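Okay, coords12.csv is below, CSV, C-alpha atoms:
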chain,number,residue,atom,x,y,z
A,1,MET,CA,48.0,-210.9,-24.1
A,2,GLN,CA,47.6,-214.2,-22.3
A,3,VAL,CA,51.3,-214.8,-22.3
A,4,LYS,CA,51.9,-211.3,-20.9
A,5,ALA,CA,49.2,-211.8,-18.2
A,6,GLN,CA,50.9,-215.1,-17.2
A,7,ALA,CA,54.3,-213.4,-17.0
A,8,TYR,CA,52.9,-210.5,-14.8
A,9,LEU,CA,51.0,-212.9,-12.6
A,10,GLU,CA,54.2,-214.8,-11.9
A,11,ALA,CA,56.2,-211.6,-11.3
A,12,LEU,CA,53.6,-210.5,-8.8
A,13,GLY,CA,54.1,-213.6,-6.6
A,14,GLY,CA,51.6,-215.9,-8.3
A,15,PRO,CA,47.8,-216.2,-8.0
A,16,ALA,CA,47.9,-216.9,-4.3
A,17,ASN,CA,49.4,-213.5,-3.6
A,18,ILE,CA,46.7,-211.5,-5.4
A,19,LYS,CA,43.7,-210.2,-3.4
A,20,ASP,CA,42.3,-208.2,-6.3
A,21,ILE,CA,43.6,-206.7,-9.5
A,22,GLU,CA,42.2,-204.5,-12.2
A,23,GLY,CA,43.6,-202.9,-15.3
A,24,CYS,CA,43.3,-199.1,-15.7
A,25,ILE,CA,44.4,-197.9,-19.1
A,26,THR,CA,48.1,-197.6,-18.4
A,27,ARG,CA,48.6,-199.5,-15.2
A,28,LEU,CA,47.6,-202.6,-13.3
A,29,ARG,CA,46.2,-201.7,-9.9
A,30,MET,CA,46.1,-204.4,-7.3
A,31,THR,CA,46.0,-205.4,-3.7
A,32,LEU,CA,48.5,-208.0,-2.8
A,33,ILE,CA,48.7,-210.3,0.3
A,34,ASP,CA,52.5,-209.8,0.5
A,35,PRO,CA,54.0,-207.0,-1.7
A,36,SER,CA,57.5,-208.2,-0.8
A,37,LYS,CA,56.9,-211.2,-3.1
A,38,ILE,CA,57.1,-208.9,-6.1
A,39,ASP,CA,60.0,-209.8,-8.5
A,40,VAL,CA,61.0,-206.5,-10.1
A,41,ARG,CA,63.3,-208.1,-12.6
A,42,LYS,CA,60.5,-210.4,-13.8
A,43,LEU,CA,58.1,-207.4,-14.0
A,44,GLN,CA,60.6,-205.6,-16.2
A,45,ALA,CA,61.0,-208.6,-18.4
A,46,ALA,CA,57.2,-208.8,-18.7
A,47,GLY,CA,57.2,-205.2,-20.0
A,48,MET,CA,56.7,-203.0,-16.9
A,49,VAL,CA,57.6,-199.3,-17.4
A,50,GLY,CA,59.5,-197.6,-14.5
A,51,ARG,CA,59.2,-199.1,-11.0
A,52,PRO,CA,56.2,-200.5,-9.2
A,53,MET,CA,54.5,-198.0,-6.9
A,54,ILE,CA,53.8,-199.6,-3.6
A,55,ILE,CA,51.6,-198.0,-0.9
A,56,GLY,CA,51.0,-200.5,1.9
A,57,LYS,CA,49.4,-203.5,0.2
A,58,GLY,CA,48.2,-201.5,-2.7
A,59,VAL,CA,50.5,-201.8,-5.7
A,60,GLN,CA,50.4,-200.1,-9.1
A,61,VAL,CA,52.5,-201.2,-12.1
A,62,VAL,CA,52.7,-199.2,-15.3
A,63,VAL,CA,52.4,-201.6,-18.3
A,64,GLY,CA,51.6,-199.5,-21.3
A,65,THR,CA,48.3,-198.8,-23.0
A,66,TYR,CA,46.9,-202.3,-22.8
A,67,ALA,CA,46.5,-202.6,-19.1
A,68,GLU,CA,42.8,-203.2,-19.2
A,69,LEU,CA,43.2,-206.2,-21.4
A,70,ILE,CA,46.1,-207.6,-19.4
A,71,GLY,CA,44.1,-207.1,-16.2
A,72,ALA,CA,41.1,-208.9,-17.7
A,73,GLU,CA,43.4,-211.8,-18.7
A,74,ILE,CA,44.9,-212.1,-15.2
A,75,ASN,CA,41.4,-212.1,-13.7
A,76,LYS,CA,40.5,-214.9,-16.2
A,77,ILE,CA,43.5,-217.0,-15.1
A,78,LEU,CA,42.7,-216.3,-11.4
A,79,LYS,CA,39.1,-217.5,-11.9
A,80,GLN,CA,40.3,-220.8,-13.4
A,81,LYS,CA,42.2,-221.7,-10.3
K,1,MET,CA,60.7,-187.4,-44.8
K,2,THR,CA,57.5,-188.5,-43.0
K,3,ARG,CA,55.5,-185.9,-41.1
K,4,LEU,CA,52.5,-186.6,-39.0
K,5,GLU,CA,50.3,-184.0,-37.4
K,6,LEU,CA,48.3,-184.6,-34.3
K,7,LEU,CA,45.3,-182.4,-33.8
K,8,ALA,CA,44.2,-181.2,-30.4
K,9,PRO,CA,41.7,-183.8,-29.2
K,10,MET,CA,40.1,-181.3,-26.8
K,11,THR,CA,39.5,-177.5,-26.6
K,12,GLY,CA,41.3,-175.8,-23.8
K,13,ARG,CA,44.5,-174.6,-22.3
K,14,VAL,CA,47.8,-176.4,-23.2
K,15,VAL,CA,49.8,-177.7,-20.2
K,16,PRO,CA,53.3,-179.1,-20.3
K,17,MET,CA,53.4,-182.8,-19.5
K,18,GLU,CA,55.8,-182.1,-16.6
K,19,GLU,CA,53.0,-180.3,-14.8
K,20,VAL,CA,50.5,-183.1,-14.9
K,21,PRO,CA,50.0,-184.2,-11.2
K,22,ASP,CA,50.5,-187.9,-11.9
K,23,PRO,CA,54.0,-189.4,-12.2
K,24,VAL,CA,53.0,-191.8,-15.0
K,25,PHE,CA,52.5,-188.8,-17.2
K,26,SER,CA,54.8,-186.1,-15.7
K,27,GLU,CA,57.8,-188.5,-15.7
K,28,LYS,CA,56.9,-189.5,-19.2
K,29,MET,CA,56.9,-193.2,-18.2
K,30,LEU,CA,54.8,-194.1,-21.3
K,31,GLY,CA,56.2,-191.4,-23.6
K,32,ASP,CA,56.2,-187.7,-24.4
K,33,GLY,CA,53.3,-185.5,-25.2
K,34,LEU,CA,51.2,-182.5,-23.9
K,35,ALA,CA,48.2,-182.1,-21.7
K,36,ILE,CA,45.1,-180.0,-22.1
K,37,GLU,CA,43.0,-178.5,-19.3
K,38,PRO,CA,39.7,-178.7,-21.2
K,39,SER,CA,37.1,-176.0,-21.3
K,40,GLU,CA,34.7,-178.3,-23.2
K,41,GLY,CA,34.1,-182.0,-22.6
K,42,LEU,CA,34.2,-183.3,-26.2
K,43,ALA,CA,37.3,-185.4,-27.2
K,44,VAL,CA,38.0,-186.1,-30.8
K,45,ALA,CA,40.5,-188.3,-32.7
K,46,PRO,CA,43.8,-186.4,-33.0
K,47,MET,CA,44.6,-188.3,-36.1
K,48,ALA,CA,43.1,-190.7,-38.6
K,49,GLY,CA,43.5,-194.4,-37.8
K,50,SER,CA,42.1,-197.3,-35.9
K,51,LEU,CA,40.6,-197.0,-32.4
K,52,VAL,CA,42.7,-199.8,-30.8
K,53,VAL,CA,42.0,-199.1,-27.2
K,54,PHE,CA,38.9,-197.6,-25.6
K,55,HIS,CA,38.7,-198.4,-21.9
K,56,SER,CA,35.3,-199.7,-20.6
K,57,ALA,CA,35.2,-196.8,-18.2
K,58,GLY,CA,35.3,-194.5,-21.3
K,59,HIS,CA,38.0,-192.3,-19.8
K,60,ALA,CA,40.9,-193.1,-22.2
K,61,PHE,CA,41.4,-194.2,-25.7
K,62,ALA,CA,44.3,-194.9,-28.1
K,63,ILE,CA,44.4,-194.5,-31.9
K,64,GLU,CA,46.9,-196.3,-34.1
K,65,GLY,CA,47.6,-194.3,-37.2
K,66,PRO,CA,50.1,-194.4,-40.1
K,67,GLU,CA,53.7,-195.8,-39.5
K,68,SER,CA,52.4,-197.7,-36.4
K,69,VAL,CA,52.4,-194.4,-34.5
K,70,SER,CA,49.9,-194.5,-31.7
K,71,VAL,CA,48.5,-191.8,-29.5
K,72,LEU,CA,46.8,-192.1,-26.1
K,73,VAL,CA,44.3,-189.6,-24.9
K,74,HIS,CA,43.6,-189.9,-21.1
K,75,LEU,CA,40.5,-187.8,-20.1
K,76,GLY,CA,41.1,-186.5,-16.6
K,77,LEU,CA,43.1,-188.1,-13.8
K,78,GLU,CA,41.9,-191.0,-11.7
K,79,THR,CA,38.7,-190.9,-13.7
K,80,VAL,CA,38.8,-194.7,-14.1
K,81,SER,CA,37.2,-194.7,-10.6
K,82,LEU,CA,34.0,-193.3,-12.1
K,83,LYS,CA,33.4,-196.6,-13.9
K,84,GLY,CA,32.0,-194.8,-16.9
K,85,ALA,CA,29.8,-192.3,-15.2
K,86,GLY,CA,30.3,-188.9,-16.8
K,87,PHE,CA,31.5,-190.3,-20.1
K,88,GLU,CA,29.5,-190.7,-23.2
K,89,ARG,CA,31.0,-193.1,-25.8
K,90,LEU,CA,30.7,-191.9,-29.4
K,91,ALA,CA,32.8,-194.6,-31.0
K,92,GLU,CA,33.9,-198.2,-30.3
K,93,VAL,CA,37.1,-200.3,-30.4
K,94,GLY,CA,37.9,-201.4,-33.9
K,95,ASP,CA,36.3,-198.4,-35.5
K,96,THR,CA,38.3,-196.7,-38.3
K,97,VAL,CA,38.2,-193.0,-37.4
K,98,ALA,CA,38.9,-189.8,-39.2
K,99,ALA,CA,41.0,-187.0,-37.6
K,100,GLY,CA,38.6,-184.8,-35.7
K,101,GLN,CA,35.9,-187.4,-35.3
K,102,PRO,CA,34.2,-187.3,-31.9
K,103,ILE,CA,35.2,-190.2,-29.7
K,104,VAL,CA,33.9,-189.5,-26.2
K,105,LYS,CA,32.2,-186.7,-24.3
K,106,MET,CA,33.3,-186.0,-20.8
K,107,ASP,CA,30.9,-184.2,-18.4
K,108,LEU,CA,33.3,-181.6,-16.9
K,109,ALA,CA,30.8,-180.7,-14.1
K,110,ALA,CA,30.4,-184.3,-13.1
K,111,ILE,CA,34.2,-184.8,-13.0
K,112,ALA,CA,34.6,-181.7,-10.8
K,113,ALA,CA,31.7,-182.8,-8.6
K,114,ALA,CA,33.5,-186.1,-8.0
K,115,GLY,CA,36.5,-184.2,-6.8
K,116,LEU,CA,38.6,-185.2,-9.8
K,117,ARG,CA,40.8,-183.3,-12.2
K,118,SER,CA,39.8,-183.0,-15.8
K,119,ILE,CA,43.3,-182.2,-17.1
K,120,SER,CA,43.9,-184.6,-20.0
K,121,PRO,CA,47.3,-185.9,-21.0
K,122,ILE,CA,47.9,-186.8,-24.7
K,123,VAL,CA,50.8,-189.2,-25.0
K,124,LEU,CA,52.8,-190.8,-27.8
K,125,PRO,CA,53.5,-194.2,-26.2
K,126,GLN,CA,56.3,-196.4,-27.4
K,127,LEU,CA,57.3,-193.9,-30.1
K,128,ASP,CA,60.2,-195.3,-32.1
K,129,GLU,CA,63.5,-193.5,-31.8
K,130,GLY,CA,64.2,-191.3,-34.8
K,131,TRP,CA,61.0,-189.4,-34.6
K,132,ARG,CA,61.4,-185.7,-33.8
K,133,ILE,CA,58.6,-184.2,-31.7
K,134,SER,CA,57.6,-180.6,-31.9
K,135,LYS,CA,54.9,-179.2,-29.7
K,136,THR,CA,52.6,-176.3,-30.2
K,137,ASN,CA,53.5,-172.9,-28.6
K,138,ALA,CA,49.9,-171.9,-28.5
K,139,ALA,CA,48.4,-171.3,-25.0
K,140,THR,CA,45.0,-172.6,-26.0
K,141,VAL,CA,43.8,-175.0,-28.7
K,142,GLN,CA,40.6,-175.9,-30.3
K,143,ALA,CA,39.6,-179.6,-30.7
K,144,GLY,CA,40.0,-181.0,-34.2
K,145,ARG,CA,41.2,-177.7,-35.6
K,146,ASP,CA,44.6,-176.8,-34.1
K,147,VAL,CA,47.7,-178.9,-34.5
K,148,LEU,CA,49.0,-179.9,-31.0
K,149,ILE,CA,52.0,-182.0,-31.9
K,150,THR,CA,54.0,-182.6,-35.1
K,151,ILE,CA,56.3,-185.6,-35.5
K,152,GLU,CA,58.9,-186.0,-38.2
K,153,ARG,CA,61.5,-188.5,-39.2

Let me see the file written as structure tokens.
Amino acid sequence: MQVKAQAYLEALGGPANIKDIEGCITRLRMTLIDPSKIDVRKLQAAGMVGRPMIIGKGVQVVVGTYAELIGAEINKILKQK
Amino acid sequence: MTRLELLAPMTGRVVPMEEVPDPVFSEKMLGDGLAIEPSEGLAVAPMAGSLVVFHSAGHAFAIEGPESVSVLVHLGLETVSLKGAGFERLAEVGDTVAAGQPIVKMDLAAIAAAGLRSISPIVLPQLDEGWRISKTNAATVQAGRDVLITIER
């Protein structure tokens, strides 16, 4: 899960680009500083399903059924920085 | 041939996945399945297995059963926003559950009062190719009693 979290974090533009993020059950919901920094190919490689849904700075990425755990891991990594 | 039957986790009206007003489900991004518009709030395990996912907000759970088949039950739409309000947990992650065992109770009145939909998609995420899915033709199902989906390979 930590490896996945790291991969998603990088694909989303790194820790500095994330204002807040949380894992629903199927998707990561987040607010980004700059959504254009999203790397769709890297997201797909990390395991994203479909395409990211972007509404303004709010972004949702469908990741499967373990989104809550991935979101928690990303928040853990963010806190360490 | 292997055959697995998934029981209806909730009592209510059967709704095709395509009609669920959330693209993650209607476009089957995670997988195929059916939805139930519940008339009662209790959700039970659709099959025997291990409760591998149970969100802290209580609004969704997944059970991994035989042959690594897993099933996700998502109670209502956007219900994660309630942060657990309106959901009573009756099991916990890691529990071994029997088919029909109560997992969570959703307060239908509270969901409606919050302006949310209680329609509940039941998805077979990441189902291996080779499984044939057949869905019930029944208009309504009863939790823990009626078969909702059968898969075979």

List every residue of chain A that has an atom at most 12 Å from any atom of chain K, giving for each one its closest atom pair and the distance in Å to one decimal, counting all atoms listed in the file, sorted by chain and then by ascending residue number, as JSON lines.
{"residue": "A:Glu22", "atom": "CA", "partner": "K:Val80", "partner_atom": "CA", "distance": 10.5}
{"residue": "A:Gly23", "atom": "CA", "partner": "K:His55", "partner_atom": "CA", "distance": 9.4}
{"residue": "A:Cys24", "atom": "CA", "partner": "K:Val80", "partner_atom": "CA", "distance": 6.5}
{"residue": "A:Ile25", "atom": "CA", "partner": "K:His55", "partner_atom": "CA", "distance": 6.4}
{"residue": "A:Thr26", "atom": "CA", "partner": "K:Leu30", "partner_atom": "CA", "distance": 8.1}
{"residue": "A:Arg27", "atom": "CA", "partner": "K:Val24", "partner_atom": "CA", "distance": 8.9}
{"residue": "A:Leu28", "atom": "CA", "partner": "K:Val80", "partner_atom": "CA", "distance": 11.9}
{"residue": "A:Arg29", "atom": "CA", "partner": "K:Val80", "partner_atom": "CA", "distance": 11.0}
{"residue": "A:Gly47", "atom": "CA", "partner": "K:Leu30", "partner_atom": "CA", "distance": 11.4}
{"residue": "A:Met48", "atom": "CA", "partner": "K:Met29", "partner_atom": "CA", "distance": 9.9}
{"residue": "A:Val49", "atom": "CA", "partner": "K:Met29", "partner_atom": "CA", "distance": 6.2}
{"residue": "A:Gly50", "atom": "CA", "partner": "K:Met29", "partner_atom": "CA", "distance": 6.3}
{"residue": "A:Arg51", "atom": "CA", "partner": "K:Met29", "partner_atom": "CA", "distance": 9.6}
{"residue": "A:Pro52", "atom": "CA", "partner": "K:Val24", "partner_atom": "CA", "distance": 10.9}
{"residue": "A:Met53", "atom": "CA", "partner": "K:Pro23", "partner_atom": "CA", "distance": 10.1}
{"residue": "A:Gln60", "atom": "CA", "partner": "K:Val24", "partner_atom": "CA", "distance": 10.5}
{"residue": "A:Val61", "atom": "CA", "partner": "K:Val24", "partner_atom": "CA", "distance": 9.8}
{"residue": "A:Val62", "atom": "CA", "partner": "K:Val24", "partner_atom": "CA", "distance": 7.4}
{"residue": "A:Val63", "atom": "CA", "partner": "K:Leu30", "partner_atom": "CA", "distance": 8.4}
{"residue": "A:Gly64", "atom": "CA", "partner": "K:Leu30", "partner_atom": "CA", "distance": 6.3}
{"residue": "A:Thr65", "atom": "CA", "partner": "K:Leu72", "partner_atom": "CA", "distance": 7.5}
{"residue": "A:Tyr66", "atom": "CA", "partner": "K:Val53", "partner_atom": "CA", "distance": 7.3}
{"residue": "A:Ala67", "atom": "CA", "partner": "K:His55", "partner_atom": "CA", "distance": 9.3}
{"residue": "A:Glu68", "atom": "CA", "partner": "K:His55", "partner_atom": "CA", "distance": 6.9}
{"residue": "A:Leu69", "atom": "CA", "partner": "K:His55", "partner_atom": "CA", "distance": 9.0}
{"residue": "A:Gly71", "atom": "CA", "partner": "K:His55", "partner_atom": "CA", "distance": 11.7}
{"residue": "A:Ala72", "atom": "CA", "partner": "K:Ser56", "partner_atom": "CA", "distance": 11.3}

* To do: Rank A:Thr31, A:Asn17, A:Glu10, A:Ile77 by their smallest atom-to-atom distance to Ala45 in chain A, using all atoms listed in the file, and report the top residue only.
  =>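 Ranking A:Thr31, A:Asn17, A:Glu10, A:Ile77 by distance to Ala45 in chain A, first place goes to A:Glu10.
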
* For each of K:Leu108, K:Leu42, K:Ile151, K:Ala8, take the minimum atom-to-atom distance to Trp131 in chain K, counting all atoms listed in the file, then give the residue where this is smallest. =>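 Of all the options, K:Ile151 lies closest to Trp131 in chain K.
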
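With all atoms listed in the file as the basis for measurement, A:Ile70 is the residue among A:Gln80, A:Gly56, A:Ile70, A:Asn75 that approaches Ala5 in chain A most closely.
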
* Taking all atoms listed in the file into account, which of K:Ala114, K:Leu75, K:Ile149, K:Leu124 comes nearest Ala43 in chain K? ->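 Under the stated criterion, the closest residue is K:Leu75.
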
* To do: With a distance cut-off of 9 Å and all atoms listed in the file, select the neighbouring residues of Asp146 in chain K, excluding the residue or stretch itself and same-chain residues fewer than 5 positions from it, and output the selection as a ChimeraX atom specification.
  => /K:6-8,136,141

* If you measure from CA of Pro35 in chain A to CA of Gln6 in chain A, what distance in Å do you get, rounded to one decimal? ->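 Here the two named atoms are 17.8 Å from each other.
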